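Just data_2.cif here, mmCIF, C-alpha atoms:
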data_input
loop_
_atom_site.group_PDB
_atom_site.id
_atom_site.type_symbol
_atom_site.label_atom_id
_atom_site.label_comp_id
_atom_site.auth_asym_id
_atom_site.auth_seq_id
_atom_site.Cartn_x
_atom_site.Cartn_y
_atom_site.Cartn_z
ATOM 1 C CA MET D 1430 -51.617 -65.255 -122.214
ATOM 2 C CA VAL D 1431 -50.940 -68.966 -121.709
ATOM 3 C CA VAL D 1432 -53.974 -71.213 -122.063
ATOM 4 C CA THR D 1433 -53.838 -74.591 -120.300
ATOM 5 C CA MET D 1434 -55.711 -77.328 -122.152
ATOM 6 C CA THR D 1435 -56.450 -80.939 -121.334
ATOM 7 C CA ARG D 1436 -54.111 -83.249 -123.207
ATOM 8 C CA PRO D 1437 -55.697 -85.838 -125.563
ATOM 9 C CA ALA D 1438 -54.507 -88.639 -123.281
ATOM 10 C CA ASP D 1439 -56.136 -87.035 -120.234
ATOM 11 C CA LEU D 1440 -59.522 -87.402 -118.569
ATOM 12 C CA HIS D 1441 -61.134 -84.610 -116.587
ATOM 13 C CA ARG D 1442 -61.581 -85.870 -113.008
ATOM 14 C CA PHE D 1443 -62.387 -82.910 -110.737
ATOM 15 C CA ALA D 1444 -64.123 -79.608 -111.409
ATOM 16 C CA ARG D 1445 -62.662 -76.357 -110.117
ATOM 17 C CA ALA D 1446 -65.251 -76.100 -107.320
ATOM 18 C CA GLU D 1447 -64.340 -79.581 -106.063
ATOM 19 C CA ARG D 1448 -60.658 -78.730 -105.982
ATOM 20 C CA TRP D 1449 -61.286 -75.475 -104.139
ATOM 21 C CA VAL D 1450 -63.393 -77.263 -101.518
ATOM 22 C CA HIS D 1451 -60.693 -79.892 -101.049
ATOM 23 C CA TRP D 1452 -57.818 -77.455 -100.640
ATOM 24 C CA LEU D 1453 -59.679 -74.972 -98.423
ATOM 25 C CA ALA D 1454 -60.779 -77.838 -96.178
ATOM 26 C CA ALA D 1455 -57.192 -79.166 -96.193
ATOM 27 C CA VAL D 1456 -55.851 -75.782 -95.030
ATOM 28 C CA LEU D 1457 -58.413 -75.556 -92.221
ATOM 29 C CA VAL D 1458 -57.837 -79.167 -91.111
ATOM 30 C CA SER D 1459 -54.068 -78.574 -91.104
ATOM 31 C CA SER D 1460 -54.563 -75.452 -89.008
ATOM 32 C CA CYS D 1461 -56.697 -77.403 -86.511
ATOM 33 C CA ILE D 1462 -54.156 -80.229 -86.254
ATOM 34 C CA ILE D 1463 -51.122 -77.953 -85.872
ATOM 35 C CA THR D 1464 -52.746 -75.727 -83.257
ATOM 36 C CA ALA D 1465 -54.082 -78.775 -81.394
ATOM 37 C CA ALA D 1466 -50.561 -80.205 -81.262
ATOM 38 C CA VAL D 1467 -49.313 -76.929 -79.775
ATOM 39 C CA LEU D 1468 -52.140 -76.786 -77.212
ATOM 40 C CA TYR D 1469 -51.658 -80.385 -76.038
ATOM 41 C CA ASN D 1470 -47.865 -80.576 -76.104
ATOM 42 C CA GLY D 1471 -46.168 -78.623 -73.354
ATOM 43 C CA SER D 1472 -42.831 -78.357 -75.136
ATOM 44 C CA LEU D 1473 -44.443 -76.994 -78.295
ATOM 45 C CA ALA D 1474 -46.595 -74.628 -76.263
ATOM 46 C CA VAL D 1475 -43.518 -73.144 -74.574
ATOM 47 C CA LEU D 1476 -41.722 -72.900 -77.925
ATOM 48 C CA VAL D 1477 -44.591 -71.156 -79.712
ATOM 49 C CA GLY D 1478 -45.979 -69.092 -76.838
ATOM 50 C CA ASN D 1479 -49.077 -66.893 -77.288
ATOM 51 C CA ARG D 1480 -51.385 -69.696 -76.188
ATOM 52 C CA ARG D 1481 -54.453 -67.477 -76.409
ATOM 53 C CA ILE D 1482 -53.789 -66.716 -80.074
ATOM 54 C CA VAL D 1483 -53.233 -70.408 -80.789
ATOM 55 C CA GLU D 1484 -56.559 -71.201 -79.106
ATOM 56 C CA ILE D 1485 -58.378 -68.580 -81.193
ATOM 57 C CA VAL D 1486 -56.879 -69.890 -84.449
ATOM 58 C CA HIS D 1487 -57.817 -73.454 -83.470
ATOM 59 C CA VAL D 1488 -61.404 -72.595 -82.559
ATOM 60 C CA TYR D 1489 -62.169 -70.448 -85.592
ATOM 61 C CA SER D 1490 -60.486 -72.861 -87.989
ATOM 62 C CA GLY D 1491 -62.766 -75.569 -86.582
ATOM 63 C CA PHE D 1492 -65.897 -73.424 -86.882
ATOM 64 C CA ALA D 1493 -64.934 -72.444 -90.447
ATOM 65 C CA LEU D 1494 -64.305 -76.029 -91.602
ATOM 66 C CA PRO D 1495 -67.901 -76.833 -92.636
ATOM 67 C CA VAL D 1496 -68.164 -73.600 -94.684
ATOM 68 C CA PRO D 1497 -66.303 -74.696 -97.866
ATOM 69 C CA ILE D 1498 -67.923 -78.135 -97.620
ATOM 70 C CA LEU D 1499 -71.403 -76.583 -97.591
ATOM 71 C CA LEU D 1500 -70.595 -73.970 -100.251
ATOM 72 C CA GLY D 1501 -69.477 -76.788 -102.540
ATOM 73 C CA LEU D 1502 -73.087 -77.970 -102.709
ATOM 74 C CA ALA D 1503 -73.707 -75.188 -105.216
ATOM 75 C CA SER D 1504 -71.627 -77.182 -107.722
ATOM 76 C CA ARG D 1505 -73.382 -79.930 -109.696
ATOM 77 C CA ALA D 1506 -70.109 -81.863 -110.082
ATOM 78 C CA TYR D 1507 -69.527 -81.699 -106.319
ATOM 79 C CA ARG D 1508 -73.029 -83.004 -105.590
ATOM 80 C CA ALA D 1509 -72.560 -85.813 -108.111
ATOM 81 C CA ASP D 1510 -69.322 -86.899 -106.432
ATOM 82 C CA LEU D 1511 -70.979 -86.820 -103.005
ATOM 83 C CA SER D 1512 -73.581 -89.198 -104.384
ATOM 84 C CA ARG D 1513 -70.843 -91.513 -105.650
ATOM 85 C CA LEU D 1514 -69.023 -91.421 -102.304
ATOM 86 C CA ASN D 1515 -72.214 -92.320 -100.438
ATOM 87 C CA ARG D 1516 -72.932 -95.432 -102.484
ATOM 88 C CA PHE D 1517 -71.156 -98.774 -102.019
ATOM 89 C CA THR D 1518 -71.195 -101.128 -105.007
ATOM 90 C CA ARG D 1519 -70.427 -104.825 -105.374
ATOM 91 C CA ALA D 1520 -66.991 -103.920 -106.760
ATOM 92 C CA ASP D 1521 -66.268 -101.916 -103.606
ATOM 93 C CA TRP D 1522 -66.959 -104.928 -101.387
ATOM 94 C CA LEU D 1523 -64.680 -107.057 -103.576
ATOM 95 C CA TRP D 1524 -62.003 -104.363 -103.317
ATOM 96 C CA LEU D 1525 -62.216 -104.470 -99.534
ATOM 97 C CA ARG D 1526 -62.268 -108.247 -99.175
ATOM 98 C CA SER D 1527 -59.479 -109.220 -101.558
ATOM 99 C CA LYS D 1528 -55.949 -107.946 -101.062
ATOM 100 C CA THR D 1529 -54.856 -109.343 -104.413
ATOM 101 C CA ARG D 1530 -57.609 -107.507 -106.262
ATOM 102 C CA ARG D 1531 -56.801 -104.297 -104.428
ATOM 103 C CA LEU D 1532 -53.135 -104.463 -105.361
ATOM 104 C CA ALA D 1533 -53.791 -105.423 -108.954
ATOM 105 C CA GLY D 1534 -56.604 -102.918 -109.367
ATOM 106 C CA THR D 1535 -60.252 -103.949 -109.587
ATOM 107 C CA ALA D 1536 -62.971 -102.519 -111.781
ATOM 108 C CA VAL D 1537 -64.233 -99.715 -109.527
ATOM 109 C CA GLY D 1538 -65.869 -96.418 -110.370
ATOM 110 C CA LYS D 1539 -64.584 -92.898 -109.802
ATOM 111 C CA PHE D 1540 -63.824 -93.655 -106.144
ATOM 112 C CA ASN D 1541 -62.667 -96.933 -104.623
ATOM 113 C CA ALA D 1542 -63.900 -98.321 -101.305
ATOM 114 C CA GLY D 1543 -60.939 -96.908 -99.382
ATOM 115 C CA GLN D 1544 -61.677 -93.395 -100.625
ATOM 116 C CA LYS D 1545 -65.361 -93.795 -99.764
ATOM 117 C CA LEU D 1546 -64.539 -94.972 -96.246
ATOM 118 C CA ASN D 1547 -62.070 -92.122 -95.800
ATOM 119 C CA ALA D 1548 -64.715 -89.601 -96.856
ATOM 120 C CA ALA D 1549 -67.313 -91.085 -94.504
ATOM 121 C CA LEU D 1550 -64.938 -91.247 -91.526
ATOM 122 C CA SER D 1551 -63.677 -87.718 -92.193
ATOM 123 C CA ALA D 1552 -67.205 -86.296 -92.428
ATOM 124 C CA GLY D 1553 -68.249 -88.101 -89.251
ATOM 125 C CA SER D 1554 -65.150 -86.935 -87.378
ATOM 126 C CA ILE D 1555 -65.676 -83.322 -88.449
ATOM 127 C CA PHE D 1556 -69.302 -83.474 -87.277
ATOM 128 C CA VAL D 1557 -68.344 -84.910 -83.860
ATOM 129 C CA LEU D 1558 -65.410 -82.520 -83.383
ATOM 130 C CA LEU D 1559 -67.562 -79.535 -84.316
ATOM 131 C CA GLY D 1560 -70.303 -80.589 -81.895
ATOM 132 C CA THR D 1561 -68.005 -81.357 -78.978
ATOM 133 C CA GLY D 1562 -65.914 -78.269 -79.692
ATOM 134 C CA THR D 1563 -69.031 -76.097 -79.555
ATOM 135 C CA ILE D 1564 -69.966 -77.545 -76.149
ATOM 136 C CA MET D 1565 -66.444 -76.848 -74.881
ATOM 137 C CA PHE D 1566 -66.383 -73.301 -76.282
ATOM 138 C CA PHE D 1567 -69.772 -72.370 -74.791
ATOM 139 C CA PRO D 1568 -69.598 -73.988 -71.322
ATOM 140 C CA ASP D 1569 -72.697 -72.191 -70.003
ATOM 141 C CA TRP D 1570 -74.925 -73.916 -72.535
ATOM 142 C CA THR D 1571 -74.687 -77.410 -71.036
ATOM 143 C CA ARG D 1572 -74.223 -79.291 -67.764
ATOM 144 C CA LEU D 1573 -70.804 -80.185 -66.328
ATOM 145 C CA ALA D 1574 -71.235 -83.888 -67.150
ATOM 146 C CA TRP D 1575 -71.837 -83.027 -70.804
ATOM 147 C CA ARG D 1576 -68.791 -80.777 -70.923
ATOM 148 C CA THR D 1577 -66.599 -83.475 -69.359
ATOM 149 C CA GLY D 1578 -67.826 -86.077 -71.843
ATOM 150 C CA ALA D 1579 -67.437 -83.651 -74.749
ATOM 151 C CA THR D 1580 -63.827 -82.916 -73.781
ATOM 152 C CA LEU D 1581 -62.933 -86.601 -73.613
ATOM 153 C CA MET D 1582 -64.664 -87.381 -76.910
ATOM 154 C CA HIS D 1583 -63.118 -84.350 -78.602
ATOM 155 C CA ASP D 1584 -59.615 -85.433 -77.602
ATOM 156 C CA TRP D 1585 -59.982 -89.029 -78.788
ATOM 157 C CA PHE D 1586 -61.718 -88.136 -82.038
ATOM 158 C CA ALA D 1587 -59.059 -85.507 -82.712
ATOM 159 C CA LEU D 1588 -56.351 -88.137 -82.306
ATOM 160 C CA ALA D 1589 -58.157 -90.617 -84.560
ATOM 161 C CA PHE D 1590 -58.892 -87.953 -87.169
ATOM 162 C CA GLY D 1591 -55.264 -86.828 -87.125
ATOM 163 C CA ILE D 1592 -54.118 -90.384 -87.845
ATOM 164 C CA LEU D 1593 -56.690 -90.620 -90.652
ATOM 165 C CA VAL D 1594 -55.425 -87.382 -92.197
ATOM 166 C CA VAL D 1595 -51.795 -88.515 -92.008
ATOM 167 C CA GLY D 1596 -52.723 -91.794 -93.705
ATOM 168 C CA HIS D 1597 -54.610 -89.936 -96.430
ATOM 169 C CA LEU D 1598 -51.638 -87.642 -96.993
ATOM 170 C CA MET D 1599 -49.201 -90.563 -97.222
ATOM 171 C CA TYR D 1600 -51.324 -92.288 -99.881
ATOM 172 C CA ALA D 1601 -51.724 -89.022 -101.804
ATOM 173 C CA LEU D 1602 -47.985 -88.320 -101.873
ATOM 174 C CA ARG D 1603 -47.299 -91.849 -103.148
ATOM 175 C CA ASP D 1604 -49.639 -91.416 -106.137
ATOM 176 C CA ARG D 1605 -48.489 -88.474 -108.254
ATOM 177 C CA GLU D 1606 -51.257 -88.909 -110.801
ATOM 178 C CA ALA D 1607 -53.961 -88.793 -108.144
ATOM 179 C CA MET D 1608 -52.329 -85.662 -106.749
ATOM 180 C CA ARG D 1609 -52.251 -84.121 -110.235
ATOM 181 C CA GLY D 1610 -55.962 -84.802 -110.519
ATOM 182 C CA MET D 1611 -56.640 -82.759 -107.397
ATOM 183 C CA LEU D 1612 -54.231 -79.995 -108.448
ATOM 184 C CA THR D 1613 -55.199 -79.571 -112.113
ATOM 185 C CA GLY D 1614 -58.426 -81.534 -112.422
ATOM 186 C CA ASP D 1615 -57.016 -83.930 -115.046
ATOM 187 C CA VAL D 1616 -55.520 -87.434 -114.923
ATOM 188 C CA SER D 1617 -54.022 -89.672 -117.568
ATOM 189 C CA LYS D 1618 -56.234 -92.248 -119.253
ATOM 190 C CA THR D 1619 -53.639 -94.912 -118.450
ATOM 191 C CA TRP D 1620 -53.866 -94.212 -114.719
ATOM 192 C CA ALA D 1621 -57.648 -94.005 -114.815
ATOM 193 C CA ALA D 1622 -57.953 -97.352 -116.632
ATOM 194 C CA ARG D 1623 -55.653 -98.985 -114.080
ATOM 195 C CA GLU D 1624 -57.082 -97.508 -110.883
ATOM 196 C CA HIS D 1625 -60.715 -96.683 -111.767
ATOM 197 C CA GLU D 1626 -61.580 -98.824 -114.744
ATOM 198 C CA LEU D 1627 -65.368 -98.424 -114.711
ATOM 199 C CA TRP D 1628 -65.115 -94.657 -114.437
ATOM 200 C CA ALA D 1629 -62.548 -94.517 -117.264
ATOM 201 C CA VAL D 1630 -64.833 -96.548 -119.531
ATOM 202 C CA GLN D 1631 -67.778 -94.264 -118.714
ATOM 203 C CA GLN D 1632 -65.716 -91.156 -119.458
ATOM 204 C CA ASP D 1633 -64.483 -92.558 -122.778
ATOM 205 C CA SER D 1634 -68.050 -93.435 -123.760
ATOM 206 C CA ALA D 1635 -69.222 -89.931 -122.862
ATOM 207 C CA GLU D 1636 -66.439 -88.389 -124.971
ATOM 208 C CA GLU D 1637 -67.282 -90.565 -127.978
ATOM 209 C CA SER D 1638 -70.985 -89.730 -127.812
ATOM 210 C CA SER D 1639 -70.396 -85.974 -127.478
#

Give the structure from this file in structure tokens form.
Amino acid sequence: MVVTMTRPADLHRFARAERWVHWLAAVLVSSCIITAAVLYNGSLAVLVGNRRIVEIVHVYSGFALPVPILLGLASRAYRADLSRLNRFTRADWLWLRSKTRRLAGTAVGKFNAGQKLNAALSAGSIFVLLGTGTIMFFPDWTRLAWRTGATLMHDWFALAFGILVVGHLMYALRDREAMRGMLTGDVSKTWAAREHELWAVQQDSAEESS
């Protein structure tokens, strides 16, 4: 049996529960985006066919999306990271305001301001899409005006969320070490010190005291 161990030059960044939540949510979001593209693009719809099946996959992927996010709350590490994502620090505002600091790397914690904004916008989009999607799926529950507004809002939020996801994916693919952190849970100390200096210092201090 092969045992995988953290290398001495590595820091542990994400627990297993956090990685599972991320990848399960990623699969469900991808399913929603792909099926939405088929439903809204006539050429793709003709190519794929089986519109009813595509609709079912889209709807149930959307309804299932909050499940891994809520199950993750059972993990202490996941809850701790949610707390970090929900708190803006002075370093985060500096990161946002100064392009030079952002490119050179500023002393931020485990997550920088861009990651915190991405998390907030993603969570808000999922909430709105779930709510408007529910109104559209159960038309007898609400008035026609509500259904019309929900459809319009659902479409525009879906487009904005899709662009946000594509941007997130592009940044992730450009940073192999960040991707390794989400795949294995570990990142190099060199990368951590460059991209998340305060967090790297805290982790080193915790290792020395243990």

Please list as a ChimeraX atom specification every residue within 12 Å of Ser1460 (chain D), counting only C-alpha atoms and excluding residues in the same chain fewer than 6 positions away.
/D:1453-1454,1466-1467,1483-1494,1591

Write out as a ChimeraX atom specification which residues come within 12 Å of Thr1577 (chain D) when counting only C-alpha atoms, dropping same-chain ones fewer than 6 positions away.
/D:1561-1562,1564-1565,1568,1571,1583-1584

Hey, which of D:Val1630, D:Ile1482, D:Val1496, D:Ala1574 ends up closest to Lys1618 (chain D)? Count all atoms listed in the file.
D:Val1630

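Nearest residue to Gly1596 (chain D) among D:Arg1505, D:Gly1614, D:Leu1476, D:Asn1547 is D:Asn1547, counting all atoms listed in the file.
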
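Going from CA of Val1537 (chain D) to CA of Ser1554 (chain D) covers 25.6 Å.
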
Where does the PyMOL selection byres ((chain D and resi 1441) around 7) land in this file, that is, which residues does it pick, as number ranges by chain?
D: 1439-1440, 1442-1443, 1614-1616

Applying the PyMOL selection byres ((chain D and resi 1555) around 9) to the file I just gave you, which residues come out? Please list them as a PyMOL selection string.
chain D and resi 1491+1494-1495+1550-1554+1556-1560+1586+1590

Residues within 8 Å of Leu1627 (chain D), please, as a short mmCIF file (atom, residue, chain, number, x, y, z; two decimals) with C-alpha atoms, in the coordinates of the input. Count all atoms listed in the file; anything in the same chain fewer than 6 positions from it doesn't count.
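Written output follows (part_5.cif):
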data_model
loop_
_atom_site.label_atom_id
_atom_site.label_comp_id
_atom_site.auth_asym_id
_atom_site.auth_seq_id
_atom_site.Cartn_x
_atom_site.Cartn_y
_atom_site.Cartn_z
CA ALA D 1536 -62.97 -102.52 -111.78
CA VAL D 1537 -64.23 -99.72 -109.53
CA GLY D 1538 -65.87 -96.42 -110.37
CA LYS D 1539 -64.58 -92.90 -109.80
#

Test item: residues at most 8 Å from region 1599-1606 of chain D, only C-alpha atoms, excluding those fewer than 3 positions along its chain, as a ChimeraX atom specification:
/D:1595-1596,1609-1610,1616-1617,1620

Distance of CA of Ile1592 (chain D) from CA of Leu1500 (chain D), expressed in Å to one decimal place:
26.4 Å
